Amino acid sequence: MEKKRICIVGGGASGLMAAIMAAREGACVTLLEHNERAGKKLLATGNGRCNLTNLDQDPACYHTRTPEAVRSVLDSFSMQQTIAFFSGIGIYTRNKNNCLYPASMQASSVLELLEAEARYQKVKFKYQEHVTAILPGEKETNRFLVKTQTWQYPADAVILACGSFASQIQGADGSGYKIAENLGHRVIKPLPALVPLKGKGTYFSQWAGVRVEGRVSLLADGTVFQQEEGEIQLTEYGVSGIPVFQVSGYAVRLLDEGVPVTLLLDFFPDFDRKGMERLLQMRKEQCPYKTLKELLIGLFPKKLIPVLVQGCTEIEEAAAKIKEFPVQITGAKSLEQAQVCSGGVDLAQINPLTMESRLVPGLYFAGELADADGLCGGYNLQWAWSSGAVAGKHAASDLNCMHSQNASCNDTAG
Ligand SMILES: Cc1cc2nc3c(=O)[nH]c(=O)nc-3n(C[C@H](O)[C@H](O)[C@H](O)COP(=O)(O)OP(=O)(O)OC[C@H]3O[C@@H](n4cnc5c(N)ncnc54)[C@H](O)[C@@H]3O)c2cc1C
């Protein structure tokens, strides 16, 4: 039986998953990675603990221009199948508020076991191979030639799993977008997501370093777009923390489209505005000697209080600021500080049942390179696992694809 030769470009989460799935289907798999090792970003996930998926798989947790395509991919290789897959290679998961981590709480164990399984499946790893282009094969038997700076690899199918620009982790250079564009694909402008946001104001140095539980509402064109709760981090440039990350993708894209964006920070979500006023009035009645500033001691971190009462003389004014503190957003911190990119290769040009390009038969996509990004909480890795599994499985088993005449896996002729 002839073996199909598959080249995978990128040894991150999606590339490793694709490699294992393709090899399990019997393909001869070569994985090309320009770093000196695979999975560098994976090692940094979840603060080194790897939040590998989330038990709550609501479609609203993923952002894309093509939600039906993302849903189809996540249905084809679901969160449950992901957990079963990891259990099969040796990962026992721990649940923290629906976020699943390896029981070891070490991302390195996830990477180690993925690599071990890939090696067991005879995947060939080629490191320090920077792929520059994918060319149509010169010989009839080679559908593609995958060009690196020093070599070219013939392949029957190619899976592009290069990831995005996001983070300062070595290897995240966004080169996959150019490769995809050169093959005729539309790339929706990659922008930082899951990223701290910068604001306009003179008070940031006063609150810098404060962490406070609250609610963040994204206001654009007078409409509340998205609301998130959690620990808000107040910084010298603006705001950060998980709830800010969750709304940042939308905020950055709206700003890029020229729509002004404001975040309304609610520093006391337990009460509505009237309730907040009543609480402050009650505190004033209990301790009539207190100034407005002193009324807030015990409710808020000390550094936040002067910012909240600035320009206020009445309890009502202070309550309004506590409940709806406006921060005009001017932009995001850089791509290096983002965890993911929104945008990417347009999924309308990819068949979601297989992750094969609709423009270039035999070319597949996986991971963050495609136009799908998730909320914080394991969703981005879930997308990487699902899209990688679908691409790997179909790249190897697609019957319409021409089979190599060379059965050998010694396939790396230059
Ligand atoms: C600090 C941080 C923490 C995160 N934590 C979480 C988390 O806990 N849970 C979660 O779900 N998500 C998390 N994410 C997001 C998640 O890591 C990514 O969405 C996911 O790794 C994307 O997988 P990928 O395979 O698409 O890309 P990557 O993992 O980035 O892999 C792409 C690989 O391709 C290689 N490559 C790129 N171009 C080329 C080329 N031209 N030639 C050869 N090789 C190339 C790169 O070196 C890289 O190894 C985090 C991200 C960051 C930065």
# chains A, B, ... in the order shown; residues from 1 in each chain; ligands from 1
>>> residues_around(residues="Cys312 in chain A", least_positions_apart="5", cutoff="9 Å", atoms="only C-alpha atoms", output="compact mmCIF listing (two decimals) with N, CA and C atoms, in the first residue's frame")
# COMPACT_ATOMS: atom_id res chain seq x y z
N LEU A 292 -16.02 62.11 51.93
CA LEU A 292 -16.39 61.20 50.83
C LEU A 292 -15.30 60.14 50.62
N GLU A 317 -22.56 61.34 42.92
CA GLU A 317 -21.51 61.44 41.88
C GLU A 317 -20.48 60.33 42.07
N ALA A 318 -20.12 60.09 43.32
CA ALA A 318 -19.14 59.03 43.59
C ALA A 318 -19.71 57.67 43.19
N LYS A 321 -19.50 57.11 39.53
CA LYS A 321 -18.14 56.77 39.07
C LYS A 321 -17.76 55.34 39.44
>>> residues_around(residues="His130 in chain A", least_positions_apart="4", cutoff="8 Å", atoms="only C-alpha atoms", output="number ranges by chain")
A: 32-34, 148-149
>>> closest_residue(among="A:Lys4, A:Arg273, A:Arg358, A:Arg37", to="ligand 1", atoms="only C-alpha atoms and all ligand atoms")
A:Arg37
>>> select_by_dssp(residues="range 153-397 of chain A", states="alpha helix (DSSP H)", output="PyMOL selection string")
chain A and resi 175-182+204-207+242-256+273-286+292-295+305-309+315-323+379-397
>>> residues_around(residues="Ala338 in chain A", least_positions_apart="3", cutoff="8 Å", atoms="only C-alpha atoms", output="PyMOL selection string")
chain A and resi 166-167+192-196+333-335+341
>>> write_last_selection(atoms="N, CA and C atoms", output="PDB file, in the first residue's frame")
ATOM      1  N   ALA A 166       1.254  36.619  17.522  1.00  0.00           N
ATOM      2  CA  ALA A 166       1.085  36.981  18.936  1.00  0.00           C
ATOM      3  C   ALA A 166       2.196  36.433  19.826  1.00  0.00           C
ATOM      4  N   SER A 167       2.545  37.221  20.827  1.00  0.00           N
ATOM      5  CA  SER A 167       3.542  36.911  21.861  1.00  0.00           C
ATOM      6  C   SER A 167       4.955  37.195  21.378  1.00  0.00           C
ATOM      7  N   PRO A 192      -3.974  42.146  17.515  1.00  0.00           N
ATOM      8  CA  PRO A 192      -3.806  41.519  18.833  1.00  0.00           C
ATOM      9  C   PRO A 192      -5.140  41.287  19.541  1.00  0.00           C
ATOM     10  N   ALA A 193      -5.251  40.174  20.221  1.00  0.00           N
ATOM     11  CA  ALA A 193      -6.419  39.863  21.063  1.00  0.00           C
ATOM     12  C   ALA A 193      -5.878  39.241  22.354  1.00  0.00           C
ATOM     13  N   LEU A 194      -6.707  39.182  23.372  1.00  0.00           N
ATOM     14  CA  LEU A 194      -6.246  38.778  24.713  1.00  0.00           C
ATOM     15  C   LEU A 194      -5.001  39.606  25.059  1.00  0.00           C
ATOM     16  N   VAL A 195      -5.229  40.896  25.150  1.00  0.00           N
ATOM     17  CA  VAL A 195      -4.111  41.837  25.261  1.00  0.00           C
ATOM     18  C   VAL A 195      -4.536  42.977  26.202  1.00  0.00           C
ATOM     19  N   PRO A 196      -3.599  43.565  26.958  1.00  0.00           N
ATOM     20  CA  PRO A 196      -3.941  44.727  27.784  1.00  0.00           C
ATOM     21  C   PRO A 196      -4.320  45.921  26.901  1.00  0.00           C
ATOM     22  N   LYS A 333      -1.756  47.142  23.896  1.00  0.00           N
ATOM     23  CA  LYS A 333      -0.318  46.907  23.980  1.00  0.00           C
ATOM     24  C   LYS A 333       0.067  46.126  22.722  1.00  0.00           C
ATOM     25  N   SER A 334       1.338  45.932  22.502  1.00  0.00           N
ATOM     26  CA  SER A 334       1.799  45.419  21.210  1.00  0.00           C
ATOM     27  C   SER A 334       1.437  43.943  21.008  1.00  0.00           C
ATOM     28  N   LEU A 335       1.607  43.485  19.764  1.00  0.00           N
ATOM     29  CA  LEU A 335       1.378  42.066  19.434  1.00  0.00           C
ATOM     30  C   LEU A 335       2.229  41.154  20.316  1.00  0.00           C
ATOM     31  N   CYS A 341      -3.903  36.247  18.153  1.00  0.00           N
ATOM     32  CA  CYS A 341      -4.326  37.227  17.153  1.00  0.00           C
ATOM     33  C   CYS A 341      -5.748  36.907  16.734  1.00  0.00           C
TER      34      CYS A 341
END
>>> atom_distance(atom1="CA of Thr132 in chain A", atom2="atom 51 (C, counted along the ligand's line) of ligand 1")
23.8 Å
>>> closest_residue(among="A:Phe325, A:Tyr237, A:Tyr127, A:Tyr203", to="ligand 1", atoms="only C-alpha atoms and all ligand atoms")
A:Tyr127
>>> residues_around(residues="Leu381 in chain A", least_positions_apart="6", cutoff="9 Å", atoms="only C-alpha atoms", output="PyMOL selection string")
chain A and resi 13-14+42+45+50-53+367-368+374
>>> write_last_selection(atoms="C-alpha atoms", output="short mmCIF file (atom, residue, chain, number, x, y, z; two decimals), in the first residue's frame")
data_model
loop_
_atom_site.label_atom_id
_atom_site.label_comp_id
_atom_site.auth_asym_id
_atom_site.auth_seq_id
_atom_site.Cartn_x
_atom_site.Cartn_y
_atom_site.Cartn_z
CA ALA A 13 -0.21 22.74 19.38
CA SER A 14 -2.15 22.37 16.12
CA LEU A 42 2.59 25.59 24.29
CA THR A 45 0.37 28.49 28.09
CA CYS A 50 -1.45 24.72 30.09
CA ASN A 51 -5.17 25.36 30.26
CA LEU A 52 -5.81 22.81 27.53
CA THR A 53 -9.56 23.12 27.14
CA GLY A 367 -4.71 26.49 14.44
CA GLU A 368 -4.51 30.19 15.02
CA GLY A 374 -11.20 32.19 21.54
#
>>> residues_around(residues="Ile329 in chain A", least_positions_apart="5", cutoff="6 Å", atoms="only C-alpha atoms", output="list in words")
Lys198, Gly199, Val261 and Thr262 of chain A
>>> decode(residues="range 78-104 of chain A", atoms="C-alpha atoms", output="PDB file, in the first residue's frame")
ATOM      1  CA  SER A  78     -15.009  17.964  20.218  1.00  0.00           C
ATOM      2  CA  MET A  79     -13.842  18.894  23.695  1.00  0.00           C
ATOM      3  CA  GLN A  80     -14.872  15.382  24.841  1.00  0.00           C
ATOM      4  CA  GLN A  81     -12.781  13.796  22.065  1.00  0.00           C
ATOM      5  CA  THR A  82      -9.908  16.077  23.045  1.00  0.00           C
ATOM      6  CA  ILE A  83     -10.073  14.911  26.663  1.00  0.00           C
ATOM      7  CA  ALA A  84     -10.227  11.278  25.492  1.00  0.00           C
ATOM      8  CA  PHE A  85      -7.254  11.871  23.183  1.00  0.00           C
ATOM      9  CA  PHE A  86      -5.157  13.344  25.990  1.00  0.00           C
ATOM     10  CA  SER A  87      -6.209  10.623  28.366  1.00  0.00           C
ATOM     11  CA  GLY A  88      -5.083   8.129  25.707  1.00  0.00           C
ATOM     12  CA  ILE A  89      -1.577   9.574  25.588  1.00  0.00           C
ATOM     13  CA  GLY A  90      -1.289   9.874  29.376  1.00  0.00           C
ATOM     14  CA  ILE A  91      -2.758  13.223  30.456  1.00  0.00           C
ATOM     15  CA  TYR A  92      -5.121  13.091  33.419  1.00  0.00           C
ATOM     16  CA  THR A  93      -6.942  16.414  33.645  1.00  0.00           C
ATOM     17  CA  ARG A  94      -7.800  18.629  36.609  1.00  0.00           C
ATOM     18  CA  ASN A  95     -10.817  20.924  36.582  1.00  0.00           C
ATOM     19  CA  LYS A  96     -10.478  24.501  37.862  1.00  0.00           C
ATOM     20  CA  ASN A  97     -13.745  26.404  37.300  1.00  0.00           C
ATOM     21  CA  ASN A  98     -14.342  24.395  34.109  1.00  0.00           C
ATOM     22  CA  CYS A  99     -10.817  25.095  32.831  1.00  0.00           C
ATOM     23  CA  LEU A 100      -8.960  21.815  32.348  1.00  0.00           C
ATOM     24  CA  TYR A 101      -5.259  21.471  33.100  1.00  0.00           C
ATOM     25  CA  PRO A 102      -2.953  18.463  33.168  1.00  0.00           C
ATOM     26  CA  ALA A 103      -2.917  16.990  36.694  1.00  0.00           C
ATOM     27  CA  SER A 104       0.827  17.697  36.765  1.00  0.00           C
TER      28      SER A 104
END
